[in-house]
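Data from my_file.csv: CSV, C-alpha atoms and all ligand atoms
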```
chain,number,residue,atom,x,y,z
A,561,MET,CA,-15.8,13.1,45.2
A,562,SER,CA,-18.5,15.8,44.6
A,563,GLY,CA,-22.0,14.9,43.3
A,564,ASN,CA,-21.0,16.6,40.1
A,565,ASP,CA,-18.0,14.4,39.5
A,566,ASN,CA,-20.2,11.4,40.3
A,567,ASP,CA,-22.8,12.4,37.7
A,568,GLN,CA,-20.1,13.0,35.1
A,569,GLY,CA,-18.6,9.6,35.8
A,570,LYS,CA,-22.0,7.9,35.4
A,571,ARG,CA,-22.7,9.7,32.2
A,572,HIS,CA,-19.3,8.7,30.9
A,573,GLN,CA,-19.9,5.1,31.9
A,574,SER,CA,-23.3,4.8,30.2
A,575,ARG,CA,-21.9,6.5,27.1
A,576,MET,CA,-19.0,4.0,26.9
A,577,GLN,CA,-21.5,1.1,27.5
A,578,ARG,CA,-23.5,2.3,24.5
A,579,LYS,CA,-20.4,2.7,22.4
A,580,LYS,CA,-19.2,-0.8,23.4
A,581,SER,CA,-22.4,-2.4,22.3
A,582,VAL,CA,-22.2,-0.7,18.9
A,583,VAL,CA,-18.6,-1.7,18.5
A,584,ASP,CA,-19.2,-5.3,19.7
A,585,ALA,CA,-22.2,-5.6,17.3
A,586,ALA,CA,-20.0,-4.4,14.4
A,587,ILE,CA,-17.2,-6.8,15.3
A,588,GLU,CA,-19.8,-9.6,15.5
A,589,ARG,CA,-21.1,-8.8,12.0
A,590,ALA,CA,-17.6,-8.9,10.4
A,591,ASP,CA,-17.3,-12.7,10.5
A,592,ARG,CA,-15.7,-13.5,7.1
A,593,ASP,CA,-12.1,-14.0,6.0
A,594,GLN,CA,-10.8,-13.2,2.6
A,595,GLY,CA,-7.7,-11.9,0.7
A,596,LEU,CA,-8.0,-8.1,0.5
A,597,LEU,CA,-7.1,-5.7,-2.2
A,598,LEU,CA,-6.0,-2.4,-0.6
A,599,VAL,CA,-5.2,0.9,-2.5
A,600,LEU,CA,-3.1,3.5,-0.8
A,601,THR,CA,-3.3,6.7,-2.8
A,602,GLY,CA,-3.2,10.5,-2.6
A,603,ASN,CA,-0.5,13.2,-2.5
A,604,GLY,CA,0.4,12.9,1.1
A,605,LYS,CA,3.4,11.0,2.5
A,606,GLY,CA,2.8,7.5,3.9
A,607,LYS,CA,1.7,5.2,1.1
A,608,SER,CA,4.7,3.0,0.6
A,609,SER,CA,5.8,3.1,4.2
A,610,SER,CA,2.3,2.0,5.2
A,611,ALA,CA,2.5,-0.9,2.7
A,612,PHE,CA,5.9,-1.9,4.2
A,613,GLY,CA,4.4,-1.8,7.7
A,614,MET,CA,2.0,-4.4,6.5
A,615,VAL,CA,4.9,-6.5,5.2
A,616,ALA,CA,6.4,-6.5,8.7
A,617,ARG,CA,3.0,-7.5,10.1
A,618,ALA,CA,2.6,-10.3,7.6
A,619,LEU,CA,6.1,-11.6,8.3
A,620,GLY,CA,5.3,-11.6,12.0
A,621,HIS,CA,2.5,-13.9,11.3
A,622,GLY,CA,4.8,-16.3,9.5
A,623,MET,CA,3.4,-15.3,6.0
A,624,LYS,CA,5.5,-15.1,2.9
A,625,VAL,CA,5.6,-11.8,1.1
A,626,GLY,CA,6.3,-10.6,-2.4
A,627,VAL,CA,7.2,-7.0,-3.2
A,628,ALA,CA,7.3,-5.4,-6.7
A,629,GLN,CA,8.4,-1.9,-7.2
A,630,PHE,CA,7.2,-0.4,-10.5
A,631,ILE,CA,8.9,2.9,-10.4
A,632,LYS,CA,12.5,2.7,-9.2
A,633,GLY,CA,13.1,6.1,-7.6
A,634,ARG,CA,16.2,5.1,-5.7
A,635,SER,CA,18.1,1.9,-4.7
A,636,ASP,CA,19.2,3.0,-1.2
A,637,THR,CA,16.0,2.8,0.8
A,638,GLY,CA,16.0,1.3,4.3
A,639,GLU,CA,13.1,-0.9,3.5
A,640,GLU,CA,14.8,-2.6,0.5
A,641,ALA,CA,18.0,-3.2,2.6
A,642,PHE,CA,16.0,-4.5,5.5
A,643,PHE,CA,13.4,-6.7,3.7
A,644,ARG,CA,15.9,-8.2,1.2
A,645,ARG,CA,17.6,-9.8,4.2
A,646,GLN,CA,14.4,-11.6,5.2
A,647,ALA,CA,14.1,-15.2,4.0
A,648,ASP,CA,10.4,-14.9,3.5
A,649,VAL,CA,10.5,-11.8,1.3
A,650,THR,CA,10.9,-11.8,-2.5
A,651,TRP,CA,11.8,-8.4,-3.7
A,652,HIS,CA,11.5,-7.4,-7.4
A,653,VAL,CA,12.5,-4.1,-8.9
A,654,LEU,CA,10.4,-3.9,-12.1
A,655,GLY,CA,10.7,-0.2,-13.1
A,656,GLU,CA,13.6,1.8,-14.3
A,657,GLY,CA,12.9,5.3,-12.9
A,658,PHE,CA,10.6,8.1,-13.0
A,659,THR,CA,9.1,8.8,-16.5
A,660,TRP,CA,10.8,12.3,-16.5
A,661,GLU,CA,14.1,10.5,-16.0
A,662,THR,CA,13.7,7.8,-18.6
A,663,GLN,CA,12.0,10.0,-21.2
A,664,ASN,CA,11.4,7.1,-23.5
A,665,LEU,CA,7.8,5.9,-24.0
A,666,ALA,CA,8.5,2.7,-25.9
A,667,ARG,CA,11.1,1.6,-23.4
A,668,ASP,CA,8.8,2.5,-20.4
A,669,THR,CA,6.0,0.5,-21.9
A,670,GLU,CA,8.2,-2.5,-22.5
A,671,THR,CA,9.6,-2.3,-19.0
A,672,ALA,CA,6.2,-2.1,-17.5
A,673,GLN,CA,4.8,-5.0,-19.5
A,674,ARG,CA,7.8,-7.2,-18.5
A,675,GLY,CA,7.3,-6.1,-14.9
A,676,TRP,CA,3.7,-7.0,-15.0
A,677,ALA,CA,4.6,-10.5,-16.2
A,678,VAL,CA,6.7,-10.9,-13.0
A,679,ALA,CA,3.9,-9.4,-10.8
A,680,ARG,CA,1.4,-11.8,-12.4
A,681,GLU,CA,3.6,-14.8,-11.3
A,682,MET,CA,3.3,-13.5,-7.7
A,683,LEU,CA,-0.5,-13.2,-8.1
A,684,ARG,CA,-0.6,-16.8,-9.1
A,685,ASP,CA,1.5,-18.0,-6.2
A,686,PRO,CA,-0.7,-19.2,-3.3
A,687,SER,CA,2.4,-19.5,-1.0
A,688,LEU,CA,2.5,-15.6,-1.0
A,689,GLY,CA,0.1,-14.3,1.7
A,690,LEU,CA,0.8,-10.7,0.9
A,691,VAL,CA,1.9,-9.0,-2.4
A,692,VAL,CA,2.9,-5.3,-2.5
A,693,LEU,CA,2.7,-3.6,-5.9
A,694,ASP,CA,4.5,-0.4,-5.0
A,695,GLU,CA,3.8,2.6,-7.3
A,696,LEU,CA,1.7,0.5,-9.6
A,697,THR,CA,-0.7,3.4,-10.3
A,698,TYR,CA,1.9,5.2,-12.5
A,699,PRO,CA,2.3,2.6,-15.3
A,700,ILE,CA,-1.5,2.3,-15.4
A,701,LYS,CA,-1.9,6.1,-15.5
A,702,TYR,CA,0.6,6.5,-18.3
A,703,GLY,CA,-1.1,3.8,-20.3
A,704,TRP,CA,1.9,1.4,-20.2
A,705,LEU,CA,-0.3,-1.3,-18.6
A,706,ASP,CA,-3.8,-2.1,-19.6
A,707,ILE,CA,-6.1,-1.6,-16.5
A,708,ARG,CA,-8.4,-4.4,-17.6
A,709,ALA,CA,-5.5,-6.9,-17.8
A,710,VAL,CA,-4.3,-5.7,-14.3
A,711,LEU,CA,-7.8,-6.1,-12.8
A,712,ASP,CA,-8.3,-9.6,-14.4
A,713,ASP,CA,-5.0,-10.8,-12.9
A,714,LEU,CA,-5.9,-9.3,-9.5
A,715,ALA,CA,-9.3,-11.0,-9.6
A,716,ALA,CA,-7.8,-14.4,-10.4
A,717,ARG,CA,-5.4,-14.4,-7.5
A,718,PRO,CA,-5.6,-17.0,-4.7
A,719,PRO,CA,-8.6,-16.2,-2.5
A,720,MET,CA,-6.7,-15.6,0.7
A,721,GLN,CA,-3.9,-13.5,-0.8
A,722,HIS,CA,-3.8,-9.9,0.2
A,723,VAL,CA,-2.5,-7.3,-2.3
A,724,VAL,CA,-1.5,-3.7,-1.5
A,725,ILE,CA,-1.2,-1.2,-4.3
A,726,THR,CA,0.4,2.2,-3.7
A,727,GLY,CA,0.8,5.4,-5.8
A,728,ARG,CA,-0.8,8.8,-6.5
A,729,ALA,CA,-3.9,9.2,-8.6
A,730,ALA,CA,-5.2,5.6,-8.4
A,731,PRO,CA,-7.6,5.1,-11.3
A,732,ASP,CA,-11.3,4.9,-10.4
A,733,ALA,CA,-11.7,1.3,-11.7
A,734,LEU,CA,-8.9,0.2,-9.4
A,735,CYS,CA,-10.5,1.8,-6.4
A,736,ALA,CA,-13.8,0.3,-7.3
A,737,ALA,CA,-12.2,-3.2,-7.4
A,738,ALA,CA,-10.5,-2.6,-4.0
A,739,ASP,CA,-11.8,-3.6,-0.6
A,740,THR,CA,-10.0,-0.9,1.3
A,741,VAL,CA,-9.0,2.5,-0.2
A,742,THR,CA,-7.1,5.1,1.7
A,743,GLY,CA,-6.3,8.6,0.4
A,744,LEU,CA,-3.4,10.3,2.2
A,745,ASP,CA,-3.6,14.1,2.2
A,746,ASP,CA,-0.6,16.4,1.8
A,747,PHE,CA,-1.2,19.0,4.5
A,748,LYS,CA,2.5,19.9,4.8
A,749,HIS,CA,5.8,18.3,3.7
A,750,ALA,CA,9.3,19.2,5.0
A,751,PHE,CA,10.7,18.9,1.4
A,752,ARG,CA,8.9,22.2,0.6
A,753,ALA,CA,10.8,23.9,3.4
A,754,GLY,CA,14.1,22.9,1.8
A,755,ILE,CA,14.8,19.7,3.8
A,756,ARG,CA,16.1,16.9,1.7
A,757,ALA,CA,14.8,13.3,2.1
A,758,GLN,CA,15.9,11.9,5.4
A,759,PRO,CA,17.1,8.3,5.9
A,760,GLY,CA,14.7,6.5,8.3
A,761,VAL,CA,11.8,8.8,7.4
A,762,ASP,CA,11.7,9.3,3.6
A,763,LEU,CA,14.0,6.5,2.5
A,801,LIG,P1,6.7,7.1,1.8
A,801,LIG,O1,7.5,6.1,1.0
A,801,LIG,O2,7.5,8.0,2.7
A,801,LIG,O3,5.5,6.4,2.5
A,801,LIG,P2,4.9,7.8,-0.3
A,801,LIG,O4,5.0,6.4,-0.8
A,801,LIG,O5,3.5,8.2,0.2
A,801,LIG,O6,6.0,8.1,0.7
A,801,LIG,P3,5.8,8.7,-2.9
A,801,LIG,O7,5.0,9.6,-3.8
A,801,LIG,O8,6.0,7.3,-3.3
A,801,LIG,O9,5.2,8.9,-1.4
A,801,LIG,O10,7.2,9.4,-2.7
A,801,LIG,C1,8.2,8.9,-2.1
A,801,LIG,C2,9.2,9.9,-1.5
A,801,LIG,O11,8.8,11.2,-1.7
A,801,LIG,C3,9.4,9.8,0.0
A,801,LIG,O12,10.7,10.1,0.3
A,801,LIG,C4,8.4,10.8,0.6
A,801,LIG,O13,8.8,11.3,1.8
A,801,LIG,C5,8.5,11.8,-0.5
A,801,LIG,N1,7.1,12.5,-0.5
A,801,LIG,C6,5.9,11.9,-0.4
A,801,LIG,N2,4.9,12.8,-0.5
A,801,LIG,C7,5.5,14.0,-0.7
A,801,LIG,C8,5.1,15.3,-0.9
A,801,LIG,N3,3.8,15.6,-0.9
A,801,LIG,N4,6.0,16.3,-1.1
A,801,LIG,C9,7.3,16.0,-1.2
A,801,LIG,N5,7.8,14.8,-1.0
A,801,LIG,C10,6.9,13.8,-0.8
A,802,MG,MG,5.7,5.5,-2.5
```
As structure tokens, what does this structure read like?
Ligand code: ATP
Ligand code: MG
Amino acid sequence: MSGNDNDQGKRHQSRMQRKKSVVDAAIERADRDQGLLLVLTGNGKGKSSSAFGMVARALGHGMKVGVAQFIKGRSDTGEEAFFRRQADVTWHVLGEGFTWETQNLARDTETAQRGWAVAREMLRDPSLGLVVLDELTYPIKYGWLDIRAVLDDLAARPPMQHVVITGRAAPDALCAAADTVTGLDDFKHAFRAGIRAQPGVDL
């Protein structure tokens, strides 16, 4: 090994040592447990699939999971077929379809309110370790659900229950109430190149 390589190796080692002490200190500081509210928003792909990744994680830890889908885009998704087979998953479809499909405000509002009553039951069930409220941002955005009522019910949930909310254009008040907020960017999507939704990737 040349002297140069040796210097480089030592520099790398001391840089990594410094990094490790910073990381270790941060890990040491994070010493609390609590149920988290997560919001996955933005125009990029990956919101619902990330939420369902957390469902798999939670099940792996022996937790019970509730899923509520507020906008029913399609009934043939792989995640619904797979997770409905799991004994520890309760799966509710609470929406009827995209607003441009239903085209009926009164009916959409009524459907959303009935849906929220079901979601609220899950938020009151301490046996559920994780609750996914998929596409909840839309009924809030369209005014079918009152954001204050939603935030009150979220705040009153069991202290160790995690909740994941997905959907584009998450309202500011929801993001403010959340512990973790992730915005997914739409840099490129195959759909715009004329490729239809692919099983295993998009559904
Ligand atoms: P996914 O379920 O794949 O994680 P998502 O929840 O982030 O996607 P949604 O807005 O719920 O996105 O849309 C669901 C469907 O639309 C999926 O089939 C997804 O691949 C597709 N999709 C997501 N983002 C885009 C986009 N920017 N352009 C076109 N199609 C998209
Ligand atoms: Mg989605």
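The gap separating CA of Thr742 in chain A from CA of Gly604 in chain A is 10.8 Å, in Å to one decimal.
The list of residues within 10 Å of (13.2, -14.9, 4.8), counted using all atoms listed in the file, is Leu619, Gly622, Met623, Lys624, Val625, Phe643, Arg644, Arg645, Gln646, Ala647, Asp648, Val649 and Thr650 of chain A.
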Could those residues be written to a file, using C-alpha atoms, as a PDB file, in the coordinates of the input?
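part.pdb, written as the output of this step:
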```pdb
ATOM      1  CA  LEU A 619       6.100 -11.600   8.300  1.00  0.00           C
ATOM      2  CA  GLY A 622       4.800 -16.300   9.500  1.00  0.00           C
ATOM      3  CA  MET A 623       3.400 -15.300   6.000  1.00  0.00           C
ATOM      4  CA  LYS A 624       5.500 -15.100   2.900  1.00  0.00           C
ATOM      5  CA  VAL A 625       5.600 -11.800   1.100  1.00  0.00           C
ATOM      6  CA  PHE A 643      13.400  -6.700   3.700  1.00  0.00           C
ATOM      7  CA  ARG A 644      15.900  -8.200   1.200  1.00  0.00           C
ATOM      8  CA  ARG A 645      17.600  -9.800   4.200  1.00  0.00           C
ATOM      9  CA  GLN A 646      14.400 -11.600   5.200  1.00  0.00           C
ATOM     10  CA  ALA A 647      14.100 -15.200   4.000  1.00  0.00           C
ATOM     11  CA  ASP A 648      10.400 -14.900   3.500  1.00  0.00           C
ATOM     12  CA  VAL A 649      10.500 -11.800   1.300  1.00  0.00           C
ATOM     13  CA  THR A 650      10.900 -11.800  -2.500  1.00  0.00           C
TER      14      THR A 650
END
```
Please identify all protein, DNA and RNA residues within 6 Å of ligand MG 802 (chain A), counting all atoms listed in the file, and report them as a PDB file with C-alpha atoms, in the coordinates of the input.
```
ATOM      1  CA  LYS A 607       1.700   5.200   1.100  1.00  0.00           C
ATOM      2  CA  SER A 608       4.700   3.000   0.600  1.00  0.00           C
ATOM      3  CA  GLU A 695       3.800   2.600  -7.300  1.00  0.00           C
ATOM      4  CA  GLY A 727       0.800   5.400  -5.800  1.00  0.00           C
TER       5      GLY A 727
END
```
Proximity check chain A to ligand LIG 801 (chain A), 10 Å, nearest pairs one decimal Å, only C-alpha atoms and all ligand atoms, as JSON lines:
```
{"residue": "A:Leu600", "atom": "CA", "partner": "A:LIG801", "partner_atom": "O5", "distance": 8.2}
{"residue": "A:Thr601", "atom": "CA", "partner": "A:LIG801", "partner_atom": "O5", "distance": 7.6}
{"residue": "A:Gly602", "atom": "CA", "partner": "A:LIG801", "partner_atom": "O5", "distance": 7.6}
{"residue": "A:Asn603", "atom": "CA", "partner": "A:LIG801", "partner_atom": "N3", "distance": 5.2}
{"residue": "A:Gly604", "atom": "CA", "partner": "A:LIG801", "partner_atom": "N2", "distance": 4.8}
{"residue": "A:Lys605", "atom": "CA", "partner": "A:LIG801", "partner_atom": "O5", "distance": 3.6}
{"residue": "A:Gly606", "atom": "CA", "partner": "A:LIG801", "partner_atom": "O3", "distance": 3.2}
{"residue": "A:Lys607", "atom": "CA", "partner": "A:LIG801", "partner_atom": "O5", "distance": 3.6}
{"residue": "A:Ser608", "atom": "CA", "partner": "A:LIG801", "partner_atom": "O4", "distance": 3.7}
{"residue": "A:Ser609", "atom": "CA", "partner": "A:LIG801", "partner_atom": "O3", "distance": 3.7}
{"residue": "A:Ser610", "atom": "CA", "partner": "A:LIG801", "partner_atom": "O3", "distance": 6.1}
{"residue": "A:Ala611", "atom": "CA", "partner": "A:LIG801", "partner_atom": "O3", "distance": 7.9}
{"residue": "A:Phe612", "atom": "CA", "partner": "A:LIG801", "partner_atom": "O3", "distance": 8.5}
{"residue": "A:Gly613", "atom": "CA", "partner": "A:LIG801", "partner_atom": "O3", "distance": 9.8}
{"residue": "A:Ile631", "atom": "CA", "partner": "A:LIG801", "partner_atom": "O8", "distance": 8.8}
{"residue": "A:Lys632", "atom": "CA", "partner": "A:LIG801", "partner_atom": "O8", "distance": 9.9}
{"residue": "A:Gly633", "atom": "CA", "partner": "A:LIG801", "partner_atom": "C1", "distance": 7.9}
{"residue": "A:Arg634", "atom": "CA", "partner": "A:LIG801", "partner_atom": "C2", "distance": 9.5}
{"residue": "A:Thr637", "atom": "CA", "partner": "A:LIG801", "partner_atom": "O12", "distance": 9.0}
{"residue": "A:Glu639", "atom": "CA", "partner": "A:LIG801", "partner_atom": "O1", "distance": 9.3}
{"residue": "A:Asp694", "atom": "CA", "partner": "A:LIG801", "partner_atom": "O4", "distance": 8.0}
{"residue": "A:Glu695", "atom": "CA", "partner": "A:LIG801", "partner_atom": "O8", "distance": 6.6}
{"residue": "A:Thr726", "atom": "CA", "partner": "A:LIG801", "partner_atom": "O4", "distance": 6.9}
{"residue": "A:Gly727", "atom": "CA", "partner": "A:LIG801", "partner_atom": "O8", "distance": 6.1}
{"residue": "A:Arg728", "atom": "CA", "partner": "A:LIG801", "partner_atom": "O7", "distance": 6.4}
{"residue": "A:Gly743", "atom": "CA", "partner": "A:LIG801", "partner_atom": "O5", "distance": 9.8}
{"residue": "A:Leu744", "atom": "CA", "partner": "A:LIG801", "partner_atom": "O5", "distance": 7.5}
{"residue": "A:Asp745", "atom": "CA", "partner": "A:LIG801", "partner_atom": "N3", "distance": 8.2}
{"residue": "A:Asp746", "atom": "CA", "partner": "A:LIG801", "partner_atom": "N3", "distance": 5.2}
{"residue": "A:Phe747", "atom": "CA", "partner": "A:LIG801", "partner_atom": "N3", "distance": 8.1}
{"residue": "A:Lys748", "atom": "CA", "partner": "A:LIG801", "partner_atom": "N3", "distance": 7.3}
{"residue": "A:His749", "atom": "CA", "partner": "A:LIG801", "partner_atom": "N4", "distance": 5.2}
{"residue": "A:Ala750", "atom": "CA", "partner": "A:LIG801", "partner_atom": "C9", "distance": 7.3}
{"residue": "A:Phe751", "atom": "CA", "partner": "A:LIG801", "partner_atom": "C9", "distance": 5.2}
{"residue": "A:Arg752", "atom": "CA", "partner": "A:LIG801", "partner_atom": "C9", "distance": 6.7}
{"residue": "A:Ala753", "atom": "CA", "partner": "A:LIG801", "partner_atom": "C9", "distance": 9.8}
{"residue": "A:Ile755", "atom": "CA", "partner": "A:LIG801", "partner_atom": "C9", "distance": 9.7}
{"residue": "A:Arg756", "atom": "CA", "partner": "A:LIG801", "partner_atom": "O12", "distance": 8.8}
{"residue": "A:Ala757", "atom": "CA", "partner": "A:LIG801", "partner_atom": "O12", "distance": 5.5}
{"residue": "A:Gln758", "atom": "CA", "partner": "A:LIG801", "partner_atom": "O12", "distance": 7.5}
{"residue": "A:Pro759", "atom": "CA", "partner": "A:LIG801", "partner_atom": "O12", "distance": 8.7}
{"residue": "A:Gly760", "atom": "CA", "partner": "A:LIG801", "partner_atom": "O2", "distance": 9.2}
{"residue": "A:Val761", "atom": "CA", "partner": "A:LIG801", "partner_atom": "O2", "distance": 6.4}
{"residue": "A:Asp762", "atom": "CA", "partner": "A:LIG801", "partner_atom": "O12", "distance": 3.5}
{"residue": "A:Leu763", "atom": "CA", "partner": "A:LIG801", "partner_atom": "O12", "distance": 5.4}
```
Inset, instruction - Provide the CA of Ala590 in chain A to CA of Thr740 in chain A distance in Å, to one decimal place. - result: 14.3 Å
So that all listed atoms of range 603-608 of chain A fit with 3 Å spare on each side, what axis-aligned box centre and edge lengths in Å, to one decimal, would you give as AutoDock Vina command-line options?
```
--center_x 2.1 --center_y 8.1 --center_z 0.7 --size_x 11.2 --size_y 16.2 --size_z 12.4
```
At most 9 Å from (2.3, -10.0, -4.9), file frame, only C-alpha atoms: which residues, as a PDB file with C-alpha atoms, in the frame of the given file?
```pdb
ATOM      1  CA  VAL A 625       5.600 -11.800   1.100  1.00  0.00           C
ATOM      2  CA  GLY A 626       6.300 -10.600  -2.400  1.00  0.00           C
ATOM      3  CA  VAL A 627       7.200  -7.000  -3.200  1.00  0.00           C
ATOM      4  CA  ALA A 628       7.300  -5.400  -6.700  1.00  0.00           C
ATOM      5  CA  ALA A 679       3.900  -9.400 -10.800  1.00  0.00           C
ATOM      6  CA  ARG A 680       1.400 -11.800 -12.400  1.00  0.00           C
ATOM      7  CA  GLU A 681       3.600 -14.800 -11.300  1.00  0.00           C
ATOM      8  CA  MET A 682       3.300 -13.500  -7.700  1.00  0.00           C
ATOM      9  CA  LEU A 683      -0.500 -13.200  -8.100  1.00  0.00           C
ATOM     10  CA  ARG A 684      -0.600 -16.800  -9.100  1.00  0.00           C
ATOM     11  CA  ASP A 685       1.500 -18.000  -6.200  1.00  0.00           C
ATOM     12  CA  LEU A 688       2.500 -15.600  -1.000  1.00  0.00           C
ATOM     13  CA  GLY A 689       0.100 -14.300   1.700  1.00  0.00           C
ATOM     14  CA  LEU A 690       0.800 -10.700   0.900  1.00  0.00           C
ATOM     15  CA  VAL A 691       1.900  -9.000  -2.400  1.00  0.00           C
ATOM     16  CA  VAL A 692       2.900  -5.300  -2.500  1.00  0.00           C
ATOM     17  CA  LEU A 693       2.700  -3.600  -5.900  1.00  0.00           C
ATOM     18  CA  GLN A 721      -3.900 -13.500  -0.800  1.00  0.00           C
ATOM     19  CA  HIS A 722      -3.800  -9.900   0.200  1.00  0.00           C
ATOM     20  CA  VAL A 723      -2.500  -7.300  -2.300  1.00  0.00           C
ATOM     21  CA  VAL A 724      -1.500  -3.700  -1.500  1.00  0.00           C
TER      22      VAL A 724
END
```
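Coordinates place CA of Leu597 in chain A at a distance of 12.0 Å from CA of Asp713 in chain A.
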Legend entry - Nearby residues (all atoms listed in the file) at most 7 Å from range 667-675 of chain A, same-chain spacing under 4 positions excluded, as a ChimeraX atom specification: /A:654-655,679,699,704-705
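If you measure from each of A:Leu665, A:Leu711, A:Ala733, A:Val678 to Trp651 in chain A using all atoms listed in the file, the closest one turns out to be A:Val678.
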Inset, instruction - Point out the residue among A:Gly620, A:Gly595, A:Gly703, A:Gly754 with the least atom-to-atom distance to Ala715 in chain A, counting only C-alpha atoms. - result: A:Gly595
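Considering all atoms listed in the file, the residue among A:Pro686, A:Ile700, A:Ala586, A:Gln577 positioned nearest to Arg717 in chain A is A:Pro686.
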Could you name the residues that touch Asp732 in chain A at 12 Å or less, counting all atoms listed in the file, but leaving out those on the same chain fewer than 3 positions away, as a PDB file with C-alpha atoms, keeping the file's coordinate frame?
```
ATOM      1  CA  VAL A 599      -5.200   0.900  -2.500  1.00  0.00           C
ATOM      2  CA  THR A 601      -3.300   6.700  -2.800  1.00  0.00           C
ATOM      3  CA  THR A 697      -0.700   3.400 -10.300  1.00  0.00           C
ATOM      4  CA  ILE A 700      -1.500   2.300 -15.400  1.00  0.00           C
ATOM      5  CA  LYS A 701      -1.900   6.100 -15.500  1.00  0.00           C
ATOM      6  CA  ILE A 707      -6.100  -1.600 -16.500  1.00  0.00           C
ATOM      7  CA  LEU A 711      -7.800  -6.100 -12.800  1.00  0.00           C
ATOM      8  CA  ARG A 728      -0.800   8.800  -6.500  1.00  0.00           C
ATOM      9  CA  ALA A 729      -3.900   9.200  -8.600  1.00  0.00           C
ATOM     10  CA  CYS A 735     -10.500   1.800  -6.400  1.00  0.00           C
ATOM     11  CA  ALA A 736     -13.800   0.300  -7.300  1.00  0.00           C
ATOM     12  CA  ALA A 737     -12.200  -3.200  -7.400  1.00  0.00           C
ATOM     13  CA  ALA A 738     -10.500  -2.600  -4.000  1.00  0.00           C
ATOM     14  CA  VAL A 741      -9.000   2.500  -0.200  1.00  0.00           C
TER      15      VAL A 741
END
```
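Counting only C-alpha atoms and comparing A:Asp584, A:Ile725, A:Pro719, A:Asn566, the residue that lies closest to Gln629 in chain A is A:Ile725.
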